[in-house]
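Asker: Dropping in query.txt, which is compact mmCIF, C-alpha atoms:
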```txt
# COMPACT_ATOMS: atom_id res chain seq x y z
CA MET H 1 78.77 -48.40 27.84
CA VAL H 2 75.47 -46.97 29.05
CA GLU H 3 74.25 -46.98 32.64
CA GLU H 4 70.59 -46.35 33.21
CA ILE H 5 69.04 -45.47 36.53
CA ARG H 6 65.29 -45.19 36.88
CA VAL H 7 63.59 -43.55 39.84
CA VAL H 8 59.81 -43.40 39.43
CA GLN H 9 59.52 -41.34 36.22
CA LEU H 10 62.99 -39.84 36.40
CA GLN H 11 65.35 -41.31 33.87
CA VAL H 12 69.05 -40.53 34.02
CA ARG H 13 71.55 -41.88 31.50
CA LYS H 14 75.27 -41.62 31.86
CA THR H 15 77.17 -42.06 28.62
CA PRO H 16 80.96 -41.95 28.42
CA ILE H 17 82.59 -39.66 25.90
CA ASN H 18 85.57 -41.45 24.42
CA LEU H 19 87.74 -38.37 23.81
CA ARG H 20 88.44 -37.42 27.40
CA ARG H 21 86.62 -40.16 29.32
CA LYS H 22 84.13 -37.72 30.76
CA TRP H 23 80.52 -38.51 31.56
CA VAL H 24 77.54 -36.75 30.06
CA THR H 25 74.33 -36.88 32.08
CA TYR H 26 71.05 -36.84 30.19
CA ILE H 27 67.83 -36.24 32.08
CA SER H 28 64.65 -37.09 30.23
CA PRO H 29 62.42 -34.07 29.51
CA ASN H 30 59.39 -35.75 31.11
CA CYS H 31 61.02 -35.75 34.56
CA VAL H 32 58.87 -34.68 37.46
CA ASP H 33 60.32 -33.58 40.76
CA CYS H 34 59.19 -35.93 43.49
CA THR H 35 58.73 -34.72 47.05
CA THR H 36 57.93 -37.71 49.24
CA PRO H 37 54.74 -37.06 51.20
CA SER H 38 54.52 -37.56 54.94
CA PRO H 39 53.15 -40.96 55.98
CA PRO H 40 49.48 -41.14 56.95
CA ASN H 41 48.02 -41.17 60.43
CA ALA H 42 46.30 -44.47 61.09
CA SER H 43 45.66 -46.58 64.16
CA GLY H 44 44.70 -50.16 64.73
CA THR H 45 41.74 -51.65 66.53
CA THR H 46 40.55 -54.77 68.35
CA ILE H 47 37.76 -57.00 67.03
CA SER H 48 36.20 -60.36 67.88
CA CYS H 49 37.26 -63.47 66.00
CA GLY H 50 35.46 -63.82 62.67
CA SER H 51 34.60 -60.10 62.41
CA GLN H 52 35.48 -57.45 59.87
CA THR H 53 36.57 -53.91 60.65
CA THR H 54 37.13 -50.69 58.77
CA LEU H 55 40.52 -49.04 59.14
CA THR H 56 40.93 -45.34 58.36
CA ALA H 57 43.87 -43.14 57.44
CA SER H 58 44.23 -39.37 57.37
CA GLY H 59 46.81 -36.68 56.71
CA ALA H 60 47.23 -36.86 52.92
CA PRO H 61 47.49 -33.62 50.96
CA ALA H 62 44.46 -32.64 48.87
CA SER H 63 45.97 -34.23 45.75
CA GLY H 64 46.96 -37.42 47.60
CA ASN H 65 45.33 -40.79 48.02
CA TYR H 66 45.90 -43.72 50.37
CA ILE H 67 47.08 -47.18 49.42
CA TRP H 68 46.62 -50.19 51.70
CA TYR H 69 48.91 -53.23 51.61
CA SER H 70 48.96 -56.60 53.33
CA ASP H 71 52.76 -56.76 53.52
CA PRO H 72 55.43 -54.40 54.91
CA ASN H 73 57.24 -54.11 51.56
CA GLY H 74 54.23 -52.78 49.65
CA ASN H 75 54.06 -55.70 47.22
CA ASN H 76 50.44 -56.76 47.77
CA GLN H 77 47.98 -53.89 47.43
CA VAL H 78 44.62 -54.67 49.04
CA GLY H 79 42.81 -51.33 48.80
CA THR H 80 42.82 -47.62 48.09
CA GLY H 81 41.12 -44.67 49.72
CA SER H 82 41.00 -43.26 53.22
CA SER H 83 39.23 -46.35 54.55
CA PHE H 84 39.81 -50.06 54.09
CA THR H 85 37.45 -52.82 55.21
CA THR H 86 39.22 -56.01 56.18
CA PRO H 87 37.87 -59.45 55.44
CA ALA H 88 36.68 -61.51 58.43
CA LEU H 89 39.78 -62.14 60.54
CA ALA H 90 40.62 -65.10 62.78
CA SER H 91 44.03 -63.92 64.01
CA ASN H 92 45.95 -60.70 64.62
CA THR H 93 46.72 -59.08 61.26
CA THR H 94 48.79 -56.07 60.30
CA TYR H 95 48.00 -53.96 57.25
CA TYR H 96 50.15 -51.12 55.95
CA ALA H 97 48.97 -47.70 54.73
CA SER H 98 50.79 -45.13 52.62
CA VAL H 99 50.09 -41.77 50.99
CA PHE H 100 50.45 -41.59 47.21
CA VAL H 101 50.59 -38.28 45.31
CA PRO H 102 50.16 -37.75 41.53
CA THR H 103 53.88 -37.14 40.88
CA ASN H 104 54.27 -40.90 41.48
CA CYS H 105 55.68 -40.41 44.95
CA GLU H 106 54.69 -42.60 47.86
CA SER H 107 55.29 -42.17 51.57
CA SER H 108 56.77 -44.78 53.83
CA LEU H 109 54.32 -47.44 54.97
CA VAL H 110 52.66 -47.21 58.37
CA PRO H 111 51.67 -50.47 60.14
CA VAL H 112 48.04 -50.71 61.25
CA THR H 113 47.37 -53.75 63.43
CA VAL H 114 44.03 -55.43 63.98
CA ASN H 115 44.04 -57.45 67.21
CA VAL H 116 41.60 -60.34 67.19
CA THR H 117 40.16 -61.60 70.47
CA SER H 118 38.44 -64.90 71.07
CA ASN H 119 34.68 -64.76 71.12
CA ILE H 120 34.43 -68.01 73.06
CA SER H 121 33.38 -67.46 76.63
CA THR H 122 34.81 -69.46 79.51
CA PRO H 123 32.47 -72.34 80.37
CA THR H 124 30.92 -72.52 83.81
CA ALA H 125 29.34 -75.41 85.66
CA ASN H 126 26.26 -75.12 87.84
CA GLY H 127 24.78 -77.59 90.28
CA ILE H 128 27.92 -79.60 90.85
CA THR H 129 28.51 -80.60 94.43
```
Translate this structure into C-alpha cells?
Answerer:
Amino acid sequence: MVEEIRVVQLQVRKTPINLRRKWVTYISPNCVDCTTPSPPNASGTTISCGSQTTLTASGAPASGNYIWYSDPNGNNQVGTGSSFTTPALASNTTYYASVFVPTNCESSLVPVTVNVTSNISTPTANGIT
C-alpha cells in the first residue's frame, strides 16, 4: 500500500514496512520549501458601460509576479503582470489577483471589482405645456 500526497513540487510517500507495521516517509530530493507570499494590494474602479479599464496590483516581492483570474477559485487565468486590461464591460465584474513566486507558491486571491455605470442619460422634454 502506497499513499502519495503532492503539494506543489513537494512529493511525500508513505510506505508501510511489513515487519513492524511502521511507516517510512520519503521526501523527494527536488523538494522546495514554499513560503506563501502575502496577497497583492489591488483596488477596483468604476467605468461607463462598454468601456475597458486597466487594473493594477502591487506588493509582490522582487522575484514575484501577479496572476489575474476571472473566477474566485483561480481556475480561469486571464492575465499576468502588475496590470490587467479588461475587455469592454457591460455589467459589474469581479476579477481576482494573486502573487506568484518562483518556488511555485501562490498567495490567496484578492477580489478586484469593476463597477459599470450606465452611460445613458435621463431624457428630458422641452416645450411641453
Asker: Pick out the closest residue to Thr117 of chain H from this set: H:Pro72, H:Gly81, H:Gly59, H:Gly50. Count only C-alpha atoms.
Answerer: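 Using only C-alpha atoms, Thr117 of chain H sits closest to H:Gly50.
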Asker: Using Å and a single decimal, report how far atom CA of Gly44 of chain H sits from atom CA of Asn104 of chain H.
Answerer: 26.8 Å
Asker: Write out as JSON, numbers by chain the residues lying within 12 Å of Asn119 of chain H, counting all atoms listed in the file and excluding same-chain residues fewer than 2 positions away.
Answerer: {"H": [46, 47, 48, 49, 50, 51, 90, 91, 116, 117, 121, 122]}
Asker: Box for segment 65-69 of chain H - axis-aligned, 8 Å on each of the six sides, all listed atoms - centre and size in Å to one decimal, as AutoDock Vina command-line options.
Answerer:
```
--center_x 47.1 --center_y -47.0 --center_z 49.9 --size_x 19.6 --size_y 28.4 --size_z 19.7
```
Asker: Find the distance between atom CA of Val114 of chain H and atom CA of Gln52 of chain H and write it in Å to one decimal.
Answerer: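 Between atom CA of Val114 of chain H and atom CA of Gln52 of chain H the gap works out to 9.7 Å.
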Asker: Would you compute the distance between atom CA of Thr36 of chain H and atom CA of Cys105 of chain H? Give it in Å to one decimal.
Answerer: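 Taking atom CA of Thr36 of chain H and atom CA of Cys105 of chain H, their separation equals 5.5 Å.
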Asker: Check the smallest atom-to-atom distance from each of H:Ser108, H:Asn76, H:Ser118, H:Thr54 to Asn41 of chain H using all atoms listed in the file, then report the winner.
Answerer: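 Looking at the shortest contact to Asn41 of chain H, the residue is H:Ser108.
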Asker: Can you list, as a PDB file with C-alpha atoms, keeping the file's coordinate frame, every protein, DNA or RNA residue that comes within 12 Å of Ala57 of chain H when you count all atoms listed in the file, leaving out same-chain residues fewer than 4 positions away?
Answerer:
```pdb
ATOM      1  CA  PRO H  39      53.150 -40.960  55.980  1.00  0.00           C
ATOM      2  CA  PRO H  40      49.480 -41.140  56.950  1.00  0.00           C
ATOM      3  CA  ASN H  41      48.020 -41.170  60.430  1.00  0.00           C
ATOM      4  CA  ALA H  42      46.300 -44.470  61.090  1.00  0.00           C
ATOM      5  CA  SER H  43      45.660 -46.580  64.160  1.00  0.00           C
ATOM      6  CA  GLY H  44      44.700 -50.160  64.730  1.00  0.00           C
ATOM      7  CA  GLY H  64      46.960 -37.420  47.600  1.00  0.00           C
ATOM      8  CA  ASN H  65      45.330 -40.790  48.020  1.00  0.00           C
ATOM      9  CA  TYR H  66      45.900 -43.720  50.370  1.00  0.00           C
ATOM     10  CA  ILE H  67      47.080 -47.180  49.420  1.00  0.00           C
ATOM     11  CA  TRP H  68      46.620 -50.190  51.700  1.00  0.00           C
ATOM     12  CA  GLY H  79      42.810 -51.330  48.800  1.00  0.00           C
ATOM     13  CA  THR H  80      42.820 -47.620  48.090  1.00  0.00           C
ATOM     14  CA  GLY H  81      41.120 -44.670  49.720  1.00  0.00           C
ATOM     15  CA  SER H  82      41.000 -43.260  53.220  1.00  0.00           C
ATOM     16  CA  SER H  83      39.230 -46.350  54.550  1.00  0.00           C
ATOM     17  CA  PHE H  84      39.810 -50.060  54.090  1.00  0.00           C
ATOM     18  CA  THR H  85      37.450 -52.820  55.210  1.00  0.00           C
ATOM     19  CA  TYR H  95      48.000 -53.960  57.250  1.00  0.00           C
ATOM     20  CA  TYR H  96      50.150 -51.120  55.950  1.00  0.00           C
ATOM     21  CA  ALA H  97      48.970 -47.700  54.730  1.00  0.00           C
ATOM     22  CA  SER H  98      50.790 -45.130  52.620  1.00  0.00           C
ATOM     23  CA  VAL H  99      50.090 -41.770  50.990  1.00  0.00           C
ATOM     24  CA  LEU H 109      54.320 -47.440  54.970  1.00  0.00           C
ATOM     25  CA  VAL H 110      52.660 -47.210  58.370  1.00  0.00           C
ATOM     26  CA  PRO H 111      51.670 -50.470  60.140  1.00  0.00           C
ATOM     27  CA  VAL H 112      48.040 -50.710  61.250  1.00  0.00           C
TER      28      VAL H 112
END
```
Asker: Could you check the closest approach to Asn115 of chain H for each of H:Pro102, H:Thr45, H:Ser63, H:Ser58 and tell me which residue wins, using all atoms listed in the file?
Answerer: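 Of the candidates, the smallest distance to Asn115 of chain H is held by H:Thr45.
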Asker: Pick out the closest residue to Val101 of chain H from this set: H:Pro87, H:Pro61, H:Gly74, H:Gly127. Count only C-alpha atoms.
Answerer: H:Pro61
